[in-house]
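Trainee: Here you go, query14.txt (compact mmCIF, C-alpha atoms and all ligand atoms):
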# COMPACT_ATOMS: atom_id res chain seq x y z
CA MET A 1 78.62 64.42 92.00
CA ALA A 2 78.65 65.56 95.60
CA ILE A 3 80.49 68.76 96.29
CA THR A 4 82.72 68.45 99.32
CA ASP A 5 82.28 70.85 102.18
CA ARG A 6 84.73 73.76 102.26
CA ALA A 7 86.14 72.42 105.50
CA GLU A 8 87.39 69.38 103.55
CA ALA A 9 89.31 71.50 101.05
CA PRO A 10 93.08 70.87 100.95
CA VAL A 11 94.86 71.99 104.07
CA ALA A 12 96.44 75.43 103.89
CA ALA A 13 100.19 75.46 103.39
CA SER A 14 102.00 76.88 106.39
CA THR A 15 102.35 80.64 106.42
CA LEU A 16 105.85 82.01 106.82
CA GLN A 17 106.10 84.69 109.46
CA VAL A 18 109.05 86.56 110.99
CA LEU A 19 107.26 89.13 113.15
CA ALA A 20 104.21 88.51 115.31
CA PRO A 21 101.55 91.27 115.24
CA ASP A 22 103.10 92.83 118.36
CA GLY A 23 106.46 93.14 116.54
CA ALA A 24 108.23 90.35 118.45
CA VAL A 25 110.32 87.90 116.42
CA VAL A 26 108.49 84.57 116.07
CA PRO A 27 110.50 81.74 117.70
CA GLY A 28 112.49 79.81 115.07
CA ALA A 29 111.78 82.42 112.37
CA ARG A 30 114.14 82.91 109.42
CA TYR A 31 115.21 86.41 110.38
CA PRO A 32 116.86 88.35 107.49
CA PHE A 33 120.12 89.14 109.31
CA GLU A 34 121.69 90.39 106.08
CA LEU A 35 119.62 93.59 106.27
CA SER A 36 121.48 96.62 107.63
CA ASP A 37 119.92 99.21 109.94
CA ALA A 38 119.76 101.53 106.93
CA ASP A 39 117.82 98.87 104.99
CA HIS A 40 115.30 98.62 107.82
CA VAL A 41 114.96 102.38 108.08
CA GLY A 42 114.49 102.59 104.31
CA MET A 43 111.73 99.99 104.35
CA LEU A 44 109.75 101.53 107.22
CA THR A 45 110.19 104.97 105.65
CA ALA A 46 108.82 103.64 102.35
CA MET A 47 105.81 102.12 104.15
CA THR A 48 105.16 105.39 106.00
CA VAL A 49 105.44 107.46 102.81
CA THR A 50 103.16 105.03 100.97
CA ARG A 51 100.45 105.41 103.59
CA ARG A 52 100.64 109.18 103.55
CA LEU A 53 100.58 109.37 99.76
CA ASP A 54 97.77 106.84 99.56
CA GLY A 55 95.65 109.08 101.82
CA GLU A 56 96.43 112.07 99.60
CA PHE A 57 95.30 110.16 96.49
CA VAL A 58 91.98 109.37 98.20
CA ASN A 59 91.56 113.00 99.30
CA LEU A 60 92.27 114.30 95.80
CA GLN A 61 89.68 111.95 94.34
CA ARG A 62 87.14 113.11 96.94
CA GLN A 63 87.85 116.69 95.89
CA GLY A 64 87.02 115.84 92.29
CA GLN A 65 90.63 116.04 91.12
CA LEU A 66 91.06 112.35 90.22
CA ALA A 67 88.67 110.08 88.36
CA LEU A 68 89.26 107.07 90.60
CA TYR A 69 91.78 105.63 93.03
CA PRO A 70 92.28 102.12 94.47
CA SER A 71 93.76 102.45 97.96
CA CYS A 72 96.54 100.14 99.17
CA LEU A 73 95.86 100.89 102.86
CA GLY A 74 96.97 97.83 104.82
CA GLN A 75 99.01 96.29 101.99
CA GLU A 76 102.19 98.35 102.49
CA ALA A 77 104.25 95.49 103.95
CA ALA A 78 103.57 93.15 101.04
CA GLN A 79 104.44 95.79 98.45
CA VAL A 80 107.49 97.24 100.18
CA GLY A 81 108.85 93.89 101.42
CA ILE A 82 108.62 92.34 97.95
CA THR A 83 109.89 95.30 95.93
CA SER A 84 112.76 96.22 98.24
CA ALA A 85 114.28 92.77 97.63
CA THR A 86 114.45 93.36 93.85
CA ARG A 87 117.22 94.99 91.85
CA ASP A 88 116.49 98.19 89.95
CA ASN A 89 116.65 96.32 86.62
CA ASP A 90 114.12 93.67 87.64
CA TRP A 91 110.87 94.53 85.88
CA LEU A 92 107.64 95.02 87.80
CA PHE A 93 104.27 94.30 86.17
CA PRO A 94 101.68 95.78 88.54
CA GLN A 95 97.91 95.37 88.72
CA TYR A 96 96.58 98.79 89.93
CA ARG A 97 96.95 98.83 93.70
CA GLU A 98 100.77 98.83 94.00
CA LEU A 99 101.61 102.35 95.16
CA GLY A 100 104.08 100.88 97.70
CA ALA A 101 106.08 99.25 94.90
CA PHE A 102 106.28 102.57 93.05
CA VAL A 103 107.41 104.39 96.19
CA VAL A 104 110.26 101.89 96.65
CA ARG A 105 111.30 102.37 93.02
CA GLY A 106 111.24 106.15 93.41
CA VAL A 107 108.55 106.79 90.79
CA ASP A 108 107.42 110.43 90.82
CA PRO A 109 103.92 110.48 92.39
CA ALA A 110 102.92 113.24 89.95
CA GLY A 111 103.06 110.78 87.03
CA ILE A 112 100.79 108.33 88.85
CA GLY A 113 98.47 111.19 89.78
CA HIS A 114 98.22 112.29 86.15
CA MET A 115 97.15 108.80 85.24
CA TRP A 116 94.35 108.61 87.82
CA ARG A 117 93.27 112.07 86.66
CA GLY A 118 92.92 110.70 83.14
CA MET A 119 95.65 112.96 81.74
CA ALA A 120 98.34 110.42 80.88
CA HIS A 121 97.68 106.92 79.64
CA GLY A 122 99.34 104.40 81.93
CA GLY A 123 101.15 107.10 83.89
CA THR A 124 104.51 108.72 83.29
CA GLY A 125 107.86 108.03 84.91
CA LEU A 126 107.19 104.31 85.30
CA ILE A 127 109.09 102.82 82.37
CA GLU A 128 112.27 104.64 83.46
CA LYS A 129 112.06 102.76 86.77
CA CYS A 130 111.45 99.38 85.12
CA CYS A 131 107.75 99.40 85.99
CA ALA A 132 105.20 98.43 83.35
CA PRO A 133 102.03 100.56 83.23
CA ILE A 134 99.26 99.56 85.61
CA THR A 135 96.51 97.33 84.23
CA ILE A 136 92.82 97.69 84.95
CA PRO A 137 91.76 94.54 83.03
CA ILE A 138 92.33 91.84 85.61
CA GLY A 139 95.20 89.46 84.96
CA THR A 140 96.13 90.60 81.45
CA HIS A 141 99.56 91.74 82.63
CA ALA A 142 100.61 88.31 83.90
CA PRO A 143 101.33 86.98 80.37
CA HIS A 144 103.24 90.23 79.68
CA ALA A 145 105.53 89.45 82.62
CA VAL A 146 106.10 85.90 81.37
CA GLY A 147 106.82 87.19 77.87
CA TYR A 148 109.38 89.60 79.26
CA ALA A 149 110.98 86.86 81.34
CA LEU A 150 111.09 84.52 78.34
CA GLY A 151 112.78 87.22 76.28
CA ALA A 152 115.30 87.84 79.06
CA LYS A 153 116.05 84.12 79.19
CA PHE A 154 116.57 83.94 75.39
CA ASP A 155 118.83 87.01 75.50
CA GLY A 156 120.75 85.83 78.57
CA VAL A 157 119.95 89.06 80.44
CA ASP A 158 120.23 88.93 84.23
CA THR A 159 116.81 90.31 85.15
CA VAL A 160 113.66 88.96 86.78
CA ALA A 161 110.02 89.77 86.00
CA VAL A 162 107.79 90.31 89.02
CA THR A 163 104.06 90.46 88.54
CA PHE A 164 101.62 91.56 91.22
CA ILE A 165 98.19 90.01 90.98
CA GLY A 166 95.21 89.89 93.32
CA ASP A 167 93.46 86.86 94.78
CA GLY A 168 90.59 87.57 92.39
CA ALA A 169 92.97 87.64 89.42
CA THR A 170 93.86 83.99 90.01
CA SER A 171 90.38 83.13 88.67
CA GLU A 172 91.30 84.58 85.28
CA GLY A 173 92.31 82.52 82.24
CA ASP A 174 95.19 84.88 81.50
CA VAL A 175 96.76 84.13 84.88
CA HIS A 176 96.39 80.38 84.37
CA GLU A 177 98.10 80.60 80.99
CA ALA A 178 100.86 82.76 82.39
CA LEU A 179 101.55 80.41 85.31
CA ASN A 180 101.62 77.37 83.07
CA MET A 181 103.85 78.95 80.45
CA ALA A 182 106.25 80.28 83.08
CA ALA A 183 106.64 76.81 84.56
CA VAL A 184 106.92 75.01 81.22
CA PHE A 185 109.68 77.32 80.03
CA GLN A 186 111.26 77.76 83.49
CA VAL A 187 111.46 81.50 83.10
CA PRO A 188 112.67 84.00 85.72
CA CYS A 189 109.21 85.26 86.70
CA ILE A 190 107.74 85.70 90.15
CA PHE A 191 103.99 85.85 90.66
CA VAL A 192 103.12 87.83 93.77
CA VAL A 193 99.52 87.26 94.77
CA GLN A 194 98.39 89.83 97.29
CA ASN A 195 95.59 87.88 98.88
CA ASN A 196 93.66 90.76 100.43
CA HIS A 197 90.62 88.51 100.91
CA TRP A 198 88.32 90.37 98.55
CA ALA A 199 87.75 90.86 94.82
CA ILE A 200 85.55 93.94 95.10
CA SER A 201 82.58 92.47 97.05
CA VAL A 202 83.36 88.80 96.37
CA PRO A 203 85.10 87.10 99.31
CA LEU A 204 87.97 84.67 98.79
CA SER A 205 85.79 81.73 99.87
CA ALA A 206 83.52 82.34 96.88
CA GLN A 207 86.42 82.64 94.43
CA THR A 208 88.22 79.35 94.93
CA ARG A 209 87.71 75.96 96.56
CA VAL A 210 91.15 75.97 98.18
CA THR A 211 91.92 77.90 101.33
CA ASP A 212 95.41 78.83 100.22
CA ILE A 213 96.39 80.16 96.82
CA ALA A 214 100.03 79.12 97.16
CA SER A 215 99.03 75.44 96.88
CA LYS A 216 97.93 76.10 93.29
CA ALA A 217 101.61 76.35 92.35
CA ALA A 218 101.98 72.56 92.65
CA GLY A 219 99.51 72.11 89.80
CA TYR A 220 101.83 74.05 87.52
CA GLY A 221 104.99 72.38 88.78
CA MET A 222 106.45 75.50 90.31
CA ALA A 223 107.51 76.55 93.78
CA GLY A 224 104.71 78.01 95.91
CA VAL A 225 105.06 79.78 99.20
CA ARG A 226 102.65 81.52 101.53
CA CYS A 227 103.76 84.33 103.79
CA ASP A 228 102.18 86.79 106.17
CA GLY A 229 101.65 89.75 103.87
CA ASN A 230 101.38 92.16 106.81
CA ASP A 231 104.87 91.14 107.94
CA VAL A 232 107.35 93.05 105.83
CA LEU A 233 110.28 90.86 106.86
CA ALA A 234 108.45 87.65 105.94
CA CYS A 235 107.70 89.14 102.50
CA ARG A 236 111.33 90.14 102.11
CA VAL A 237 112.57 86.65 103.03
CA VAL A 238 110.30 84.75 100.64
CA MET A 239 111.10 87.21 97.85
CA ARG A 240 114.84 86.81 98.44
CA ASP A 241 114.45 83.04 97.98
CA ALA A 242 112.29 83.46 94.88
CA LEU A 243 114.72 85.92 93.27
CA LEU A 244 117.64 83.60 93.91
CA ARG A 245 115.71 80.71 92.37
CA ALA A 246 114.91 82.82 89.31
CA ARG A 247 118.48 84.11 88.88
CA GLU A 248 119.91 80.60 89.17
CA GLY A 249 117.63 79.39 86.36
CA ARG A 250 115.53 77.24 88.69
CA GLY A 251 112.26 78.67 87.42
CA PRO A 252 109.30 80.71 88.59
CA THR A 253 107.72 81.04 92.04
CA LEU A 254 104.19 81.78 93.17
CA ILE A 255 104.17 83.83 96.36
CA GLU A 256 100.93 84.29 98.25
CA ALA A 257 101.17 87.26 100.61
CA VAL A 258 98.22 87.07 102.97
CA THR A 259 97.07 90.60 103.69
CA TYR A 260 93.95 92.71 103.88
CA ARG A 261 92.57 95.70 102.01
CA MET A 262 91.59 98.02 104.84
CA GLY A 263 90.12 100.69 102.56
CA ALA A 264 87.43 100.52 99.93
CA HIS A 265 88.07 98.56 96.70
CA THR A 266 88.29 101.91 94.95
CA THR A 267 86.89 105.34 95.68
CA ALA A 268 83.77 104.18 93.76
CA ASP A 269 83.06 101.43 96.31
CA ASP A 270 81.32 101.28 99.71
CA PRO A 271 82.70 98.26 101.62
CA THR A 272 80.25 98.65 104.52
CA ARG A 273 77.66 97.08 102.22
CA TYR A 274 79.42 93.70 102.13
CA ARG A 275 81.85 93.31 105.03
CA SER A 276 81.58 93.67 108.77
CA GLU A 277 83.17 96.27 111.00
CA GLY A 278 84.38 93.35 113.17
CA GLU A 279 86.43 91.91 110.29
CA LEU A 280 88.02 95.27 109.63
CA GLU A 281 88.80 95.72 113.31
CA LEU A 282 90.55 92.34 113.42
CA TRP A 283 92.87 93.44 110.61
CA ARG A 284 93.44 96.89 112.07
CA ARG A 285 95.07 95.10 114.98
CA ARG A 286 97.45 93.46 112.47
CA ASP A 287 98.49 96.80 110.96
CA PRO A 288 101.75 96.21 109.06
CA ILE A 289 103.27 99.60 109.90
CA ASP A 290 102.59 99.39 113.64
CA ARG A 291 104.06 95.87 113.68
CA TYR A 292 107.32 96.79 111.97
CA ARG A 293 107.70 100.03 113.92
CA SER A 294 107.27 98.18 117.25
CA HIS A 295 109.96 95.73 116.17
CA LEU A 296 112.45 98.38 115.04
CA VAL A 297 111.89 100.59 118.08
CA ALA A 298 112.47 97.63 120.42
CA ALA A 299 115.63 96.78 118.46
CA GLY A 300 116.87 100.38 118.85
CA ILE A 301 116.93 100.89 115.06
CA TRP A 302 114.02 103.33 114.68
CA THR A 303 114.06 106.54 116.70
CA ALA A 304 111.80 109.57 117.09
CA GLN A 305 114.07 111.33 114.60
CA HIS A 306 113.49 108.61 111.99
CA GLU A 307 109.76 108.92 112.54
CA GLU A 308 109.96 112.67 112.07
CA ARG A 309 112.01 112.35 108.90
CA ALA A 310 109.71 109.70 107.43
CA THR A 311 106.69 111.90 108.19
CA GLU A 312 108.38 114.86 106.51
CA THR A 313 109.26 112.78 103.43
CA GLY A 314 105.62 111.66 103.24
CA GLU A 315 104.40 115.24 103.52
CA ARG A 316 106.76 116.34 100.74
CA ALA A 317 105.59 113.53 98.46
CA ALA A 318 101.94 114.37 99.16
CA LYS A 319 102.58 118.06 98.46
CA ARG A 320 104.33 117.23 95.19
CA LEU A 321 101.36 115.09 94.13
CA ARG A 322 98.87 117.77 95.10
CA ASP A 323 100.79 120.61 93.42
CA GLU A 324 101.18 118.68 90.17
CA VAL A 325 97.66 117.29 89.96
CA PHE A 326 95.33 119.96 91.34
CA ASP A 327 93.52 121.68 88.48
CA ALA A 328 96.18 120.39 86.04
CA PRO A 329 95.17 121.15 82.43
CA MET A 330 93.70 118.27 80.48
CA PRO A 331 95.53 117.20 77.30
CA ASP A 332 94.15 117.51 73.79
CA PRO A 333 91.52 114.72 73.42
CA LEU A 334 93.08 113.74 70.06
CA SER A 335 96.25 112.67 71.87
CA VAL A 336 94.35 109.57 72.99
CA PHE A 337 95.34 108.05 69.62
CA ASP A 338 99.02 108.94 69.76
CA HIS A 339 100.47 105.90 71.51
CA VAL A 340 98.07 103.09 70.66
CA LEU A 341 100.23 101.67 67.85
CA SER A 342 103.61 102.78 66.55
CA ARG A 343 101.87 103.71 63.27
CA ARG A 344 98.21 104.72 63.21
CA SER A 345 96.04 102.14 61.45
CA GLY A 346 93.26 103.11 59.02
CA GLU A 347 90.59 102.41 61.64
CA LEU A 348 92.36 104.54 64.27
CA GLU A 349 92.73 107.31 61.73
CA ARG A 350 89.01 107.15 60.98
CA GLN A 351 88.14 107.36 64.71
CA ARG A 352 90.58 110.22 65.19
CA ARG A 353 88.98 112.21 62.37
CA GLN A 354 85.52 111.53 63.81
CA LEU A 355 86.55 112.78 67.27
CA ALA A 356 88.15 115.85 65.71
CA ARG A 357 84.91 116.59 63.86
CA GLU A 358 82.77 116.09 66.96
CA THR A 359 84.94 118.31 69.14
CA GLY A 360 85.55 120.97 66.51
CA ARG A 361 89.29 120.33 66.20
CA ASP A 362 91.71 120.23 63.31
CA ALA A 363 92.59 116.59 62.58
CA THR A 364 95.81 117.32 60.72
C1 LIG B 401 88.95 91.19 82.99
C2 LIG B 401 88.25 91.98 84.06
N1 LIG B 401 87.15 91.48 84.63
C3 LIG B 401 86.51 92.15 85.62
C4 LIG B 401 86.98 93.37 86.02
C5 LIG B 401 86.27 94.14 87.12
N2 LIG B 401 87.11 94.14 88.32
C6 LIG B 401 87.85 95.22 88.66
S1 LIG B 401 88.73 94.96 90.06
C7 LIG B 401 88.11 93.40 90.23
C8 LIG B 401 88.50 92.54 91.40
C9 LIG B 401 89.93 92.14 91.42
O1 LIG B 401 90.23 91.54 92.64
P1 LIG B 401 91.70 91.12 93.00
O2 LIG B 401 92.38 90.51 91.82
O3 LIG B 401 91.62 90.31 94.24
O4 LIG B 401 92.46 92.51 93.28
P2 LIG B 401 92.19 93.59 94.41
O5 LIG B 401 91.27 94.62 93.80
O6 LIG B 401 91.57 92.92 95.57
O7 LIG B 401 93.50 94.19 94.72
C10 LIG B 401 87.22 93.10 89.20
C11 LIG B 401 86.50 91.82 89.07
C12 LIG B 401 88.13 93.89 85.38
N3 LIG B 401 88.67 95.06 85.72
N4 LIG B 401 88.75 93.18 84.41
MG MG B 402 91.77 90.94 96.22
Turn the structure described in the file into structure tokens.
Ligand SMILES: Cc1ncc(C[n+]2csc(CCOP(=O)(O)OP(=O)(O)O)c2C)c(N)n1
Ligand SMILES: [Mg+2]

Mentor:
Amino acid sequence: MAITDRAEAPVAASTLQVLAPDGAVVPGARYPFELSDADHVGMLTAMTVTRRLDGEFVNLQRQGQLALYPSCLGQEAAQVGITSATRDNDWLFPQYRELGAFVVRGVDPAGIGHMWRGMAHGGTGLIEKCCAPITIPIGTHAPHAVGYALGAKFDGVDTVAVTFIGDGATSEGDVHEALNMAAVFQVPCIFVVQNNHWAISVPLSAQTRVTDIASKAAGYGMAGVRCDGNDVLACRVVMRDALLRAREGRGPTLIEAVTYRMGAHTTADDPTRYRSEGELELWRRRDPIDRYRSHLVAAGIWTAQHEERATETGERAAKRLRDEVFDAPMPDPLSVFDHVLSRRSGELERQRRQLARETGRDAT
């Protein structure tokens, strides 16, 4: 059978945009007029703090204080726009790159730092903010989100599950099963695909035959929408629609936020080996923070004082992370077994005793 050329692949769905890269409102855009000035200031502050903290995480890893860190540089609009539309009791099921979502929820950066240092499994301070632990295995958290949403539907609880997945994650069986189950049972679950164009060194064009991920929603019988992921207002608008649909019992939504990972995949990666400087430069000119700031300054909403305050808040968050993580004592290795199951199985007990023996500890 002949394989069709990529150019013949289904046409991309239109991409919803509110702000052009220069910050001007796109003619005919669905502007979110319901947002107050304080809402706007809060969102740009969260994006600014995210960027500052993200840089601190990278620095700490470079100084040998963290095992690994996946930067969200360039994806702040998608994460802040989506999360700021949620209620505090809507549950987030992140992949591993969603620092912006945690900043919006007010998660203590120290808890996230402890996790990337290898001190705390899954991080601390997340559950309290209705955030599930991050997941390194790609896509395995999508069925968790659907399970939560199904439970909420059975119990009649007014809450929505939001799962963040990457473009690469859409190739996983777990994500397929989650999408299908969510549609079949019409659960209040929103799948947010941050299409940052890369799955480590594999480009989007080598991951899927379609040019837009949102069109996959039709195959599951659910709503699909594509938005400019570097446009925080576009992300906010599509998320508002999706949340309303979920709360009204009209089922799940697949949102594709088209963005770009400007940093390395993780601190263990060197992107210069597989992507061009020209591509990066193109996306630098679409920087989500510059775009939103230009818009808010022109609208008279964001002043030099706001910029100063946001910078200070970012510095404080970075200092808190640094103070709590730098040279922090490592926990007892035996604690690795403490939270695997509610009661330790025989096999876990055997492994625990073995580790105790090998490290000269008391297993009791
Ligand atoms: C099940 C599984 N397979 C492979 C990997 C290795 N891996 C780590 S990140 C990654 C790429 C994921 O890309 P994407 O979903 O687009 O997310 P992004 O890193 O771009 O945010 C892969 C394949 C993994 N962690 N888990
Ligand atoms: Mg990706």

Trainee: Please, what is the axis-aligned box for every listed atom of ligand LIG 401 (chain B) with 8 Å on each side, as centre and edge lengths in Å to one decimal, as lines of an AutoDock Vina configuration file?

Mentor:
center_x = 89.9
center_y = 92.8
center_z = 89.3
size_x = 23.2
size_y = 20.9
size_z = 28.6

Trainee: Have a look at A:Asn195, A:Ser171, A:Asn59, A:Gln65 and name the one nearest to Arg209 (chain A); count only C-alpha atoms.

Mentor: A:Ser171

Trainee: List all protein, DNA and RNA residues that have an atom no more than 8 Å from any atom of ligand LIG 401 (chain B), counting all atoms listed in the file, and report them as an MDAnalysis selection string.

Mentor: chainID A and resid 70 95:97 136:140 165:170 172 194:200 261 265:266

Trainee: Could you check how far CA of Leu53 (chain A) sits from CA of Glu128 (chain A), in Å to one decimal?

Mentor: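 Answer for the CA of Leu53 (chain A) to CA of Glu128 (chain A) separation: 20.6 Å.
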
Trainee: Measure the distance from CA of Phe337 (chain A) to CA of Ile127 (chain A) in Å and round it to one decimal.

Mentor: 19.5 Å

Trainee: From the set A:Ser205, A:Ser294, A:Thr45, A:Ser335, which residue has the shortest atom-to-atom contact distance to ligand MG 402 (chain B), counting all atoms listed in the file?

Mentor: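 Answer, going by the shortest atom-to-atom distance: A:Ser205.
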